[in-house]
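coords-v9.pdb (PDB, C-alpha atoms)
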ATOM      1  CA  MET A1474      66.989  38.177-149.258
ATOM      2  CA  ARG A1475      63.558  39.871-149.179
ATOM      3  CA  PHE A1476      61.904  37.217-151.354
ATOM      4  CA  ILE A1477      62.935  34.634-148.749
ATOM      5  CA  THR A1478      61.629  36.553-145.737
ATOM      6  CA  GLN A1479      58.345  37.149-147.600
ATOM      7  CA  SER A1480      57.883  33.472-148.457
ATOM      8  CA  SER A1481      55.871  31.375-146.005
ATOM      9  CA  ILE A1482      57.316  28.151-147.479
ATOM     10  CA  PHE A1483      60.918  29.238-146.801
ATOM     11  CA  ILE A1484      60.255  30.581-143.320
ATOM     12  CA  ILE A1485      58.209  27.574-142.160
ATOM     13  CA  SER A1486      60.839  25.187-143.608
ATOM     14  CA  PHE A1487      63.617  27.039-141.794
ATOM     15  CA  ARG A1488      61.610  26.920-138.550
ATOM     16  CA  LEU A1489      61.175  23.151-138.875
ATOM     17  CA  ILE A1490      64.861  22.584-139.763
ATOM     18  CA  ILE A1491      66.318  24.721-136.963
ATOM     19  CA  GLY A1492      63.669  23.628-134.449
ATOM     20  CA  GLY A1493      64.314  19.965-135.294
ATOM     21  CA  ILE A1494      68.078  20.364-134.963
ATOM     22  CA  LEU A1495      67.747  22.113-131.595
ATOM     23  CA  VAL A1496      65.348  19.501-130.212
ATOM     24  CA  PHE A1497      67.532  16.612-131.448
ATOM     25  CA  ALA A1498      70.717  18.223-130.103
ATOM     26  CA  SER A1499      69.165  18.709-126.674
ATOM     27  CA  LEU A1500      68.120  15.098-126.024
ATOM     28  CA  ASP A1501      71.518  13.501-125.259
ATOM     29  CA  LYS A1502      72.532  16.500-123.158
ATOM     30  CA  ILE A1503      69.336  16.330-121.110
ATOM     31  CA  SER A1504      69.797  12.605-120.477
ATOM     32  CA  ALA A1505      73.442  12.984-119.349
ATOM     33  CA  PRO A1506      74.094  16.487-117.936
ATOM     34  CA  GLY A1507      77.294  15.329-116.222
ATOM     35  CA  GLU A1508      78.889  14.291-119.520
ATOM     36  CA  PHE A1509      77.771  17.530-121.168
ATOM     37  CA  ALA A1510      79.290  19.515-118.280
ATOM     38  CA  GLN A1511      82.609  17.734-118.916
ATOM     39  CA  ASP A1512      82.383  18.599-122.631
ATOM     40  CA  ILE A1513      81.854  22.266-121.686
ATOM     41  CA  ALA A1514      84.724  22.142-119.175
ATOM     42  CA  HIS A1515      87.144  21.047-121.925
ATOM     43  CA  TYR A1516      86.727  24.459-123.584
ATOM     44  CA  HIS A1517      88.210  26.136-120.470
ATOM     45  CA  MET A1518      86.061  29.224-120.987
ATOM     46  CA  LEU A1519      83.858  29.324-117.882
ATOM     47  CA  PRO A1520      85.073  30.289-114.396
ATOM     48  CA  LEU A1521      84.306  28.837-110.966
ATOM     49  CA  GLY A1522      82.824  25.506-112.029
ATOM     50  CA  THR A1523      79.870  27.187-113.746
ATOM     51  CA  GLU A1524      79.932  24.586-116.548
ATOM     52  CA  ASN A1525      77.448  22.573-114.476
ATOM     53  CA  LEU A1526      74.953  25.465-114.416
ATOM     54  CA  LEU A1527      75.217  25.820-118.187
ATOM     55  CA  ALA A1528      74.909  22.042-118.640
ATOM     56  CA  LEU A1529      71.639  22.082-116.702
ATOM     57  CA  ILE A1530      70.050  25.090-118.435
ATOM     58  CA  LEU A1531      71.323  25.113-122.047
ATOM     59  CA  PRO A1532      69.820  21.764-123.182
ATOM     60  CA  TRP A1533      66.379  22.765-121.907
ATOM     61  CA  LEU A1534      66.744  26.133-123.615
ATOM     62  CA  GLU A1535      67.527  24.304-126.875
ATOM     63  CA  LEU A1536      64.507  22.056-126.369
ATOM     64  CA  THR A1537      61.996  24.775-125.493
ATOM     65  CA  VAL A1538      63.242  27.150-128.199
ATOM     66  CA  GLY A1539      63.214  24.279-130.732
ATOM     67  CA  VAL A1540      59.640  23.359-129.817
ATOM     68  CA  GLY A1541      58.725  27.057-129.991
ATOM     69  CA  LEU A1542      60.078  27.325-133.534
ATOM     70  CA  ILE A1543      58.328  24.150-134.676
ATOM     71  CA  LEU A1544      54.932  24.919-133.124
ATOM     72  CA  GLY A1545      55.026  28.663-133.747
ATOM     73  CA  ILE A1546      55.179  29.885-130.155
ATOM     74  CA  PHE A1547      56.927  33.212-129.527
ATOM     75  CA  ILE A1548      58.940  32.953-132.753
ATOM     76  CA  THR A1549      60.636  36.332-132.264
ATOM     77  CA  GLY A1550      61.961  35.403-128.827
ATOM     78  CA  ALA A1551      62.881  31.894-129.996
ATOM     79  CA  SER A1552      64.829  33.246-132.975
ATOM     80  CA  ILE A1553      66.694  35.826-130.820
ATOM     81  CA  LEU A1554      67.737  33.075-128.381
ATOM     82  CA  SER A1555      68.660  30.723-131.250
ATOM     83  CA  MET A1556      70.927  33.404-132.728
ATOM     84  CA  ALA A1557      72.493  33.941-129.296
ATOM     85  CA  MET A1558      73.143  30.195-128.917
ATOM     86  CA  MET A1559      74.561  29.810-132.448
ATOM     87  CA  GLY A1560      76.773  32.859-131.873
ATOM     88  CA  MET A1561      77.968  31.397-128.578
ATOM     89  CA  PHE A1562      78.776  28.044-130.249
ATOM     90  CA  ILE A1563      80.725  29.789-133.041
ATOM     91  CA  ILE A1564      82.796  31.793-130.521
ATOM     92  CA  ALA A1565      83.461  28.739-128.317
ATOM     93  CA  ILE A1566      84.513  26.492-131.210
ATOM     94  CA  GLY A1567      86.600  29.269-132.804
ATOM     95  CA  SER A1568      88.349  29.950-129.519
ATOM     96  CA  ALA A1569      89.096  26.222-129.031
ATOM     97  CA  ILE A1570      90.588  25.990-132.541
ATOM     98  CA  LEU A1571      92.736  29.108-131.990
ATOM     99  CA  ARG A1572      94.054  27.638-128.729
ATOM    100  CA  GLY A1573      94.872  24.355-130.503
ATOM    101  CA  TYR A1574      92.415  22.192-128.562
ATOM    102  CA  ASN A1575      91.574  18.842-130.110
ATOM    103  CA  ILE A1576      88.357  18.247-128.155
ATOM    104  CA  GLU A1577      84.875  16.889-128.740
ATOM    105  CA  CYS A1578      82.529  19.726-129.614
ATOM    106  CA  GLY A1579      79.697  18.491-127.353
ATOM    107  CA  CYS A1580      77.226  19.625-129.985
ATOM    108  CA  GLY A1581      74.841  16.733-129.362
ATOM    109  CA  LEU A1582      74.209  15.972-133.039
ATOM    110  CA  LYS A1583      76.695  13.137-133.597
ATOM    111  CA  GLU A1584      78.741  11.048-131.155
ATOM    112  CA  GLY A1585      82.435  11.978-131.035
ATOM    113  CA  GLU A1586      82.267  15.075-133.280
ATOM    114  CA  MET A1587      85.411  17.167-132.846
ATOM    115  CA  VAL A1588      85.758  20.963-133.001
ATOM    116  CA  GLY A1589      86.822  22.232-136.416
ATOM    117  CA  VAL A1590      86.203  24.809-139.108
ATOM    118  CA  GLY A1591      83.365  22.641-140.467
ATOM    119  CA  LYS A1592      81.405  23.126-137.243
ATOM    120  CA  ILE A1593      81.874  26.903-137.485
ATOM    121  CA  ILE A1594      80.555  26.924-141.058
ATOM    122  CA  GLU A1595      77.641  24.674-140.043
ATOM    123  CA  ASN A1596      76.667  26.960-137.135
ATOM    124  CA  SER A1597      77.067  30.045-139.324
ATOM    125  CA  ILE A1598      74.548  28.581-141.797
ATOM    126  CA  TYR A1599      72.131  27.886-138.931
ATOM    127  CA  PHE A1600      72.688  31.460-137.704
ATOM    128  CA  LEU A1601      71.779  32.803-141.150
ATOM    129  CA  LEU A1602      68.592  30.701-141.308
ATOM    130  CA  VAL A1603      67.528  31.902-137.847
ATOM    131  CA  TRP A1604      68.220  35.510-138.825
ATOM    132  CA  LEU A1605      65.919  35.064-141.841
ATOM    133  CA  ILE A1606      63.235  33.660-139.515
ATOM    134  CA  TYR A1607      63.665  36.715-137.262
ATOM    135  CA  LYS A1608      63.289  39.084-140.246
ATOM    136  CA  ARG A1609      60.149  37.301-141.548
ATOM    137  CA  SER A1610      57.450  39.554-142.895
ATOM    138  CA  GLY A1611      54.423  37.398-141.975
ATOM    139  CA  ASN A1612      53.186  35.359-139.030
ATOM    140  CA  TRP A1613      52.517  32.070-140.800
ATOM    141  CA  PHE A1614      51.256  29.212-138.611
ATOM    142  CA  GLU A1615      52.155  30.985-135.385
ATOM    143  CA  ILE A1616      50.053  30.017-132.366
ATOM    144  CA  LEU A1617      51.357  32.648-129.943
ATOM    145  CA  PRO A1618      51.127  35.564-129.722
ATOM    146  CA  LYS A1619      47.838  35.874-131.606
ATOM    147  CA  VAL A1620      48.116  38.601-134.217
ATOM    148  CA  GLY A1621      45.290  40.872-135.348
TER     149      GLY A1621
ATOM    150  CA  MET B 695      48.599  46.793-123.041
ATOM    151  CA  LYS B 696      48.757  43.090-122.109
ATOM    152  CA  ARG B 697      48.970  42.107-125.822
ATOM    153  CA  ILE B 698      51.807  44.573-126.434
ATOM    154  CA  PHE B 699      53.732  43.134-123.496
ATOM    155  CA  ILE B 700      53.279  39.523-124.705
ATOM    156  CA  GLN B 701      54.365  40.540-128.213
ATOM    157  CA  SER B 702      57.524  42.191-126.903
ATOM    158  CA  SER B 703      60.813  40.419-127.615
ATOM    159  CA  LEU B 704      61.955  40.837-124.014
ATOM    160  CA  PHE B 705      58.921  39.011-122.641
ATOM    161  CA  GLN B 706      59.374  36.157-125.127
ATOM    162  CA  VAL B 707      63.078  35.781-124.370
ATOM    163  CA  LEU B 708      62.406  35.798-120.621
ATOM    164  CA  PHE B 709      59.622  33.249-121.126
ATOM    165  CA  PHE B 710      62.029  30.687-122.633
ATOM    166  CA  LEU B 711      64.837  31.487-120.189
ATOM    167  CA  ILE B 712      62.691  31.173-117.066
ATOM    168  CA  ILE B 713      61.065  27.929-118.236
ATOM    169  CA  SER B 714      64.502  26.435-119.050
ATOM    170  CA  VAL B 715      65.995  27.422-115.690
ATOM    171  CA  VAL B 716      63.032  26.026-113.756
ATOM    172  CA  ILE B 717      62.861  22.724-115.685
ATOM    173  CA  GLY B 718      66.681  22.378-115.772
ATOM    174  CA  PHE B 719      67.108  22.724-112.014
ATOM    175  CA  GLY B 720      63.883  20.825-111.267
ATOM    176  CA  SER B 721      64.760  17.828-113.440
ATOM    177  CA  ASN B 722      68.257  17.674-111.937
ATOM    178  CA  TRP B 723      66.758  17.695-108.447
ATOM    179  CA  LEU B 724      64.475  14.784-109.395
ATOM    180  CA  ARG B 725      67.254  12.695-111.015
ATOM    181  CA  ASP B 726      68.740   9.622-109.327
ATOM    182  CA  ASP B 727      72.216  10.964-110.126
ATOM    183  CA  PRO B 728      71.963  14.781-109.874
ATOM    184  CA  ILE B 729      75.036  16.892-110.599
ATOM    185  CA  PRO B 730      76.129  19.700-108.239
ATOM    186  CA  LEU B 731      75.244  23.210-109.440
ATOM    187  CA  PHE B 732      78.947  24.115-109.500
ATOM    188  CA  ALA B 733      81.631  21.671-110.628
ATOM    189  CA  GLY B 734      84.516  21.012-108.261
ATOM    190  CA  LYS B 735      88.080  20.753-109.530
ATOM    191  CA  LEU B 736      89.795  17.391-109.211
ATOM    192  CA  LYS B 737      91.604  17.472-105.860
ATOM    193  CA  ILE B 738      95.372  17.128-105.693
ATOM    194  CA  ALA B 739      96.415  13.816-104.168
ATOM    195  CA  ALA B 740      97.286  14.100-100.468
ATOM    196  CA  PRO B 741     100.155  12.062 -98.945
ATOM    197  CA  ASP B 742      97.632   9.588 -97.470
ATOM    198  CA  ASP B 743      96.239   8.898-100.943
ATOM    199  CA  LEU B 744      99.695   7.935-102.148
ATOM    200  CA  LEU B 745     100.918   5.801 -99.263
ATOM    201  CA  SER B 746      99.465   2.428-100.153
ATOM    202  CA  ASP B 747      99.165   0.925-103.600
ATOM    203  CA  ILE B 748      96.008  -0.857-102.480
ATOM    204  CA  ALA B 749      92.955   1.329-101.918
ATOM    205  CA  THR B 750      91.240   1.445 -98.563
ATOM    206  CA  GLU B 751      88.597   3.800 -99.924
ATOM    207  CA  PRO B 752      87.889   5.079-103.469
ATOM    208  CA  VAL B 753      90.388   7.678-104.653
ATOM    209  CA  LEU B 754      90.319   9.868-107.756
ATOM    210  CA  ARG B 755      92.960  12.579-107.512
ATOM    211  CA  ALA B 756      95.278  14.732-109.609
ATOM    212  CA  ILE B 757      99.059  14.220-109.475
ATOM    213  CA  GLY B 758     102.049  16.138-110.785
ATOM    214  CA  LEU B 759     105.179  15.097-112.670
ATOM    215  CA  ASP B 760     107.221  13.987-109.641
ATOM    216  CA  GLN B 761     104.511  11.683-108.336
ATOM    217  CA  ALA B 762     103.855  10.341-111.838
ATOM    218  CA  ARG B 763     107.558   9.562-112.188
ATOM    219  CA  LYS B 764     107.513   7.805-108.805
ATOM    220  CA  PHE B 765     104.495   5.698-109.797
ATOM    221  CA  HIS B 766     106.171   4.874-113.117
ATOM    222  CA  ASN B 767     109.257   3.617-111.285
ATOM    223  CA  GLU B 768     106.977   1.467-109.116
ATOM    224  CA  ASP B 769     105.450  -0.146-112.235
ATOM    225  CA  VAL B 770     101.998   1.333-111.699
ATOM    226  CA  VAL B 771      99.906   0.959-114.889
ATOM    227  CA  PHE B 772      99.698   4.127-117.006
ATOM    228  CA  VAL B 773      96.709   4.551-119.326
ATOM    229  CA  ASP B 774      97.097   6.874-122.315
ATOM    230  CA  ALA B 775      93.726   8.560-122.885
ATOM    231  CA  ARG B 776      94.654  10.193-126.203
ATOM    232  CA  ASP B 777      93.439   8.969-129.598
ATOM    233  CA  LEU B 778      95.218   5.902-130.951
ATOM    234  CA  GLU B 779      97.059   7.878-133.668
ATOM    235  CA  TYR B 780      98.752  10.054-131.021
ATOM    236  CA  TYR B 781      99.507   6.997-128.862
ATOM    237  CA  GLU B 782     101.177   5.328-131.820
ATOM    238  CA  LYS B 783     103.341   8.397-132.490
ATOM    239  CA  GLY B 784     104.736   8.162-128.963
ATOM    240  CA  HIS B 785     103.669   7.480-125.390
ATOM    241  CA  ILE B 786     105.028   7.066-121.868
ATOM    242  CA  LEU B 787     107.080   3.871-121.682
ATOM    243  CA  GLY B 788     104.803   0.924-120.959
ATOM    244  CA  ALA B 789     101.560   2.931-121.077
ATOM    245  CA  TRP B 790      98.441   1.166-122.322
ATOM    246  CA  ASN B 791      96.210   2.750-124.920
ATOM    247  CA  SER B 792      92.534   3.225-124.119
ATOM    248  CA  ASN B 793      91.127   2.994-127.606
ATOM    249  CA  ASP B 794      89.136  -0.161-126.819
ATOM    250  CA  PHE B 795      87.700   0.646-123.397
ATOM    251  CA  MET B 796      86.156  -2.797-122.780
ATOM    252  CA  GLU B 797      89.452  -4.514-123.543
ATOM    253  CA  LEU B 798      91.239  -2.032-121.280
ATOM    254  CA  ILE B 799      89.069  -2.747-118.254
ATOM    255  CA  PHE B 800      89.297  -6.506-118.900
ATOM    256  CA  ARG B 801      93.113  -6.322-119.035
ATOM    257  CA  LEU B 802      93.343  -4.107-115.951
ATOM    258  CA  ASP B 803      90.990  -6.301-113.959
ATOM    259  CA  SER B 804      92.810  -9.501-115.015
ATOM    260  CA  LEU B 805      96.263  -8.109-114.247
ATOM    261  CA  GLN B 806      95.748  -6.366-110.946
ATOM    262  CA  GLY B 807      92.099  -6.361-109.880
ATOM    263  CA  LYS B 808      90.190  -3.174-109.216
ATOM    264  CA  ASP B 809      91.867  -1.852-106.062
ATOM    265  CA  ARG B 810      95.384  -1.089-107.236
ATOM    266  CA  SER B 811      96.633   2.274-108.502
ATOM    267  CA  ILE B 812      96.139   3.372-112.105
ATOM    268  CA  VAL B 813      97.465   6.590-113.671
ATOM    269  CA  THR B 814      95.672   8.214-116.600
ATOM    270  CA  TYR B 815      97.087  10.973-118.765
ATOM    271  CA  CYS B 816      96.449  12.827-122.024
ATOM    272  CA  ASP B 817      98.256  15.696-123.790
ATOM    273  CA  GLY B 818      98.634  18.109-120.906
ATOM    274  CA  ASP B 819      96.835  20.662-118.716
ATOM    275  CA  ASP B 820      94.249  21.596-121.324
ATOM    276  CA  CYS B 821      92.985  18.181-122.403
ATOM    277  CA  GLY B 822      90.112  16.487-120.624
ATOM    278  CA  SER B 823      90.198  12.886-121.808
ATOM    279  CA  SER B 824      92.421  11.680-118.925
ATOM    280  CA  GLU B 825      89.815  12.927-116.465
ATOM    281  CA  ASP B 826      86.971  11.482-118.537
ATOM    282  CA  ILE B 827      88.533   8.033-118.649
ATOM    283  CA  ALA B 828      89.337   8.248-114.928
ATOM    284  CA  TYR B 829      85.652   8.773-114.187
ATOM    285  CA  ASP B 830      84.745   5.959-116.616
ATOM    286  CA  LEU B 831      87.157   3.615-114.808
ATOM    287  CA  GLN B 832      85.712   4.664-111.471
ATOM    288  CA  ASN B 833      82.224   3.877-112.793
ATOM    289  CA  GLU B 834      83.509   0.402-113.704
ATOM    290  CA  GLY B 835      84.537  -0.163-110.078
ATOM    291  CA  PHE B 836      88.245   0.748-110.128
ATOM    292  CA  THR B 837      89.007   2.444-106.844
ATOM    293  CA  LYS B 838      92.426   4.096-106.953
ATOM    294  CA  ILE B 839      92.870   6.355-109.951
ATOM    295  CA  PHE B 840      95.303   9.231-110.404
ATOM    296  CA  VAL B 841      95.155  11.778-113.215
ATOM    297  CA  PHE B 842      98.613  12.946-114.282
ATOM    298  CA  VAL B 843      97.697  16.540-115.104
ATOM    299  CA  GLY B 844     100.842  17.547-117.016
ATOM    300  CA  GLY B 845     100.427  14.473-119.210
ATOM    301  CA  TRP B 846     102.398  13.627-122.322
ATOM    302  CA  SER B 847     103.725  17.188-122.898
ATOM    303  CA  GLU B 848     105.229  17.529-119.423
ATOM    304  CA  TRP B 849     106.621  13.976-119.394
ATOM    305  CA  GLN B 850     108.244  14.420-122.792
ATOM    306  CA  GLN B 851     109.710  17.836-121.894
ATOM    307  CA  ALA B 852     111.206  16.323-118.743
ATOM    308  CA  GLY B 853     113.005  13.793-120.933
ATOM    309  CA  TYR B 854     111.610  10.741-119.157
ATOM    310  CA  SER B 855     111.278   7.326-120.823
ATOM    311  CA  ILE B 856     108.989   7.090-123.809
ATOM    312  CA  GLU B 857     108.405   4.571-126.562
ATOM    313  CA  LYS B 858     106.911   4.585-130.051
TER     314      LYS B 858
END
Starting from the coordinates I provided, produce the structure as structure tokens.
Amino acid sequence: MRFITQSSIFIISFRLIIGGILVFASLDKISAPGEFAQDIAHYHMLPLGTENLLALILPWLELTVGVGLILGIFITGASILSMAMMGMFIIAIGSAILRGYNIECGCGLKEGEMVGVGKIIENSIYFLLVWLIYKRSGNWFEILPKVG
Amino acid sequence: MKRIFIQSSLFQVLFFLIISVVIGFGSNWLRDDPIPLFAGKLKIAAPDDLLSDIATEPVLRAIGLDQARKFHNEDVVFVDARDLEYYEKGHILGAWNSNDFMELIFRLDSLQGKDRSIVTYCDGDDCGSSEDIAYDLQNEGFTKIFVFVGGWSEWQQAGYSIEK
């Protein structure tokens, strides 16, 4: 894996891919937080109606972290939060599958996508790419923080 | 010292979190249709909600098996919110499928107008599509909607009328 983390081409490509996916996934959720809150509620994982809080914060976190990855702002923090989000998605989808739920995943990438093993594999690949960004050995095209 | 702090992972994580919380709450506050910070559960129908078939004020409430059975006996329209393939495998006797939403609202409006009772259901306690379609119907102007929470599973287990 070291040749990947030492390659500016790989790391910048991964930043653009993951950043682009996060920004794209956030747009529908930002425009309709009520619908996203219902998607979250179908997982039956959050107590006390807190799905609305998550529906208000998570899309903006995806957007800001995605923009951070694309523009090169606080890449370390952005990659830690991206890993946390991907991990959370994997656990939520896995838990829904184990409980036999046939629900929309609410991922924001494609209308009507259902939970399934494919979504777990997809998020695991994203997780791996973000981990490689986190382990990068150079600060290529990073605006903040200034290094040196 | 300042540079070390800005380079720290904790600072960077907090930076994104705080910005997202502020913009998330702020944008919701500025929206025409803000959502409450905490979601409320669908309320159980009270006796007053069930008395008249015709709505005097908008109602969207949850009902149990007994009330669903009573509505069914009174020929209230049942809407099956599950995917078409599940509807075709079996559904509550006389229930309409919701696969084509525009056709559904046209049929409902033509048959009984927008102020008479409608019952929506899906698989059971854990599905959400019956509630989703109830809100969609409410957005289309239907005013008396009941979500049968136990849904298909509870109805089938009770041995009530079904068709395929």
Could I get the residues of chain A with an atom no further than 6 Å from an atom of chain B, each paired with its nearest atom pair and that distance in Å to one decimal, using all atoms listed in the file, sorted by chain and residue number, as a tab-separated table?
residue	atom	partner	partner_atom	distance
A:His1515	CA	B:Gly822	CA	5.6
A:Gly1522	CA	B:Ala733	CA	4.3
A:Thr1523	CA	B:Phe732	CA	5.3
A:Asn1525	CA	B:Phe732	CA	5.4
A:Leu1526	CA	B:Leu731	CA	5.5
A:Leu1529	CA	B:Gly718	CA	5.1
A:Ile1530	CA	B:Gly718	CA	5.1
A:Trp1533	CA	B:Ser714	CA	5.0
A:Leu1534	CA	B:Ser714	CA	5.1
A:Phe1547	CA	B:Gln706	CA	5.8
A:Gly1550	CA	B:Gln706	CA	4.6
Determine the residue set returned by the PyMOL selection byres ((chain A and resi 1494) around 10) for the present structure, and present it as an mmCIF file with C-alpha atoms, in the frame of the given file.
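Resulting contents of result07.cif:
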data_model
loop_
_atom_site.group_PDB
_atom_site.id
_atom_site.type_symbol
_atom_site.label_atom_id
_atom_site.label_comp_id
_atom_site.auth_asym_id
_atom_site.auth_seq_id
_atom_site.Cartn_x
_atom_site.Cartn_y
_atom_site.Cartn_z
ATOM 1 C CA ARG A 1488 61.610 26.920 -138.550
ATOM 2 C CA LEU A 1489 61.175 23.151 -138.875
ATOM 3 C CA ILE A 1490 64.861 22.584 -139.763
ATOM 4 C CA ILE A 1491 66.318 24.721 -136.963
ATOM 5 C CA GLY A 1492 63.669 23.628 -134.449
ATOM 6 C CA GLY A 1493 64.314 19.965 -135.294
ATOM 7 C CA LEU A 1495 67.747 22.113 -131.595
ATOM 8 C CA VAL A 1496 65.348 19.501 -130.212
ATOM 9 C CA PHE A 1497 67.532 16.612 -131.448
ATOM 10 C CA ALA A 1498 70.717 18.223 -130.103
ATOM 11 C CA SER A 1499 69.165 18.709 -126.674
ATOM 12 C CA GLU A 1535 67.527 24.304 -126.875
ATOM 13 C CA LEU A 1536 64.507 22.056 -126.369
ATOM 14 C CA GLY A 1539 63.214 24.279 -130.732
ATOM 15 C CA GLY A 1581 74.841 16.733 -129.362
ATOM 16 C CA LEU A 1582 74.209 15.972 -133.039
ATOM 17 C CA TYR A 1599 72.131 27.886 -138.931
#
The PyMOL selection byres ((chain A and resi 1485) around 12) resolved against shown file, as a count of residues only:
32
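Using only C-alpha atoms, the nearest neighbour of Val843 in chain B within the list B:Leu724, B:Cys816, B:Leu798, B:Leu754 is B:Cys816.
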Taking the file as I've supplied it (selection: the PyMOL selection byres ((chain A and resi 1567) around 12)), which residues are included? Please answer as a PyMOL selection string.
chain A and resi 1516+1518+1560-1566+1568-1575+1578+1588-1594+1596-1597
Limited to C-alpha atoms, could you put the picked residues into a file as a short mmCIF file (atom, residue, chain, number, x, y, z; two decimals), in the coordinates of the input?
data_model
loop_
_atom_site.label_atom_id
_atom_site.label_comp_id
_atom_site.auth_asym_id
_atom_site.auth_seq_id
_atom_site.Cartn_x
_atom_site.Cartn_y
_atom_site.Cartn_z
CA TYR A 1516 86.73 24.46 -123.58
CA MET A 1518 86.06 29.22 -120.99
CA GLY A 1560 76.77 32.86 -131.87
CA MET A 1561 77.97 31.40 -128.58
CA PHE A 1562 78.78 28.04 -130.25
CA ILE A 1563 80.72 29.79 -133.04
CA ILE A 1564 82.80 31.79 -130.52
CA ALA A 1565 83.46 28.74 -128.32
CA ILE A 1566 84.51 26.49 -131.21
CA SER A 1568 88.35 29.95 -129.52
CA ALA A 1569 89.10 26.22 -129.03
CA ILE A 1570 90.59 25.99 -132.54
CA LEU A 1571 92.74 29.11 -131.99
CA ARG A 1572 94.05 27.64 -128.73
CA GLY A 1573 94.87 24.36 -130.50
CA TYR A 1574 92.42 22.19 -128.56
CA ASN A 1575 91.57 18.84 -130.11
CA CYS A 1578 82.53 19.73 -129.61
CA VAL A 1588 85.76 20.96 -133.00
CA GLY A 1589 86.82 22.23 -136.42
CA VAL A 1590 86.20 24.81 -139.11
CA GLY A 1591 83.36 22.64 -140.47
CA LYS A 1592 81.40 23.13 -137.24
CA ILE A 1593 81.87 26.90 -137.49
CA ILE A 1594 80.56 26.92 -141.06
CA ASN A 1596 76.67 26.96 -137.14
CA SER A 1597 77.07 30.04 -139.32
#
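Residues in contact with range 779-793 of chain B at up to 6 Å, not including ones fewer than 6 positions away on its chain and judged by all atoms listed in the file, are Phe772, Val773, Ser855, Ile856, Glu857 and Lys858 of chain B.
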Would you mind exporting the chosen residues as a compact mmCIF listing (two decimals), in the coordinates of the input, restricted to C-alpha atoms?
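In the end it all went to out.txt:
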# COMPACT_ATOMS: atom_id res chain seq x y z
CA PHE B 772 99.70 4.13 -117.01
CA VAL B 773 96.71 4.55 -119.33
CA SER B 855 111.28 7.33 -120.82
CA ILE B 856 108.99 7.09 -123.81
CA GLU B 857 108.40 4.57 -126.56
CA LYS B 858 106.91 4.58 -130.05
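Put simply, CA of Phe795 in chain B is 20.8 Å away from CA of Gly818 in chain B.
Counting from CA of Met1559 in chain A, the distance to CA of Leu1601 in chain A is 9.6 Å.
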Which of A:Ala1514, A:Ala1528, A:Leu1500, A:Leu1554 sits closest to Trp1604 in chain A [using all atoms listed in the file]
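Using all atoms listed in the file, Trp1604 in chain A sits closest to A:Leu1554.
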Axis-aligned box for all listed atoms of range 773-791 of chain B, 5 Å per side, centre and edges in Å to one decimal, as JSON:
{"center_x": 100.3, "center_y": 5.6, "center_z": -126.5, "size_x": 23.6, "size_y": 19.3, "size_z": 24.3}
With a distance cut-off of 10 Å and only C-alpha atoms, select the neighbouring residues of Gln832 in chain B, excluding the residue or stretch itself and same-chain residues fewer than 4 positions from it, and output the selection as JSON, numbers by chain.
{"B": [752, 753, 754, 808, 826, 827, 828, 836, 837, 838, 839]}
In Å to one decimal, how far is CA of Asp777 in chain B from CA of Gly1585 in chain A?
11.5 Å
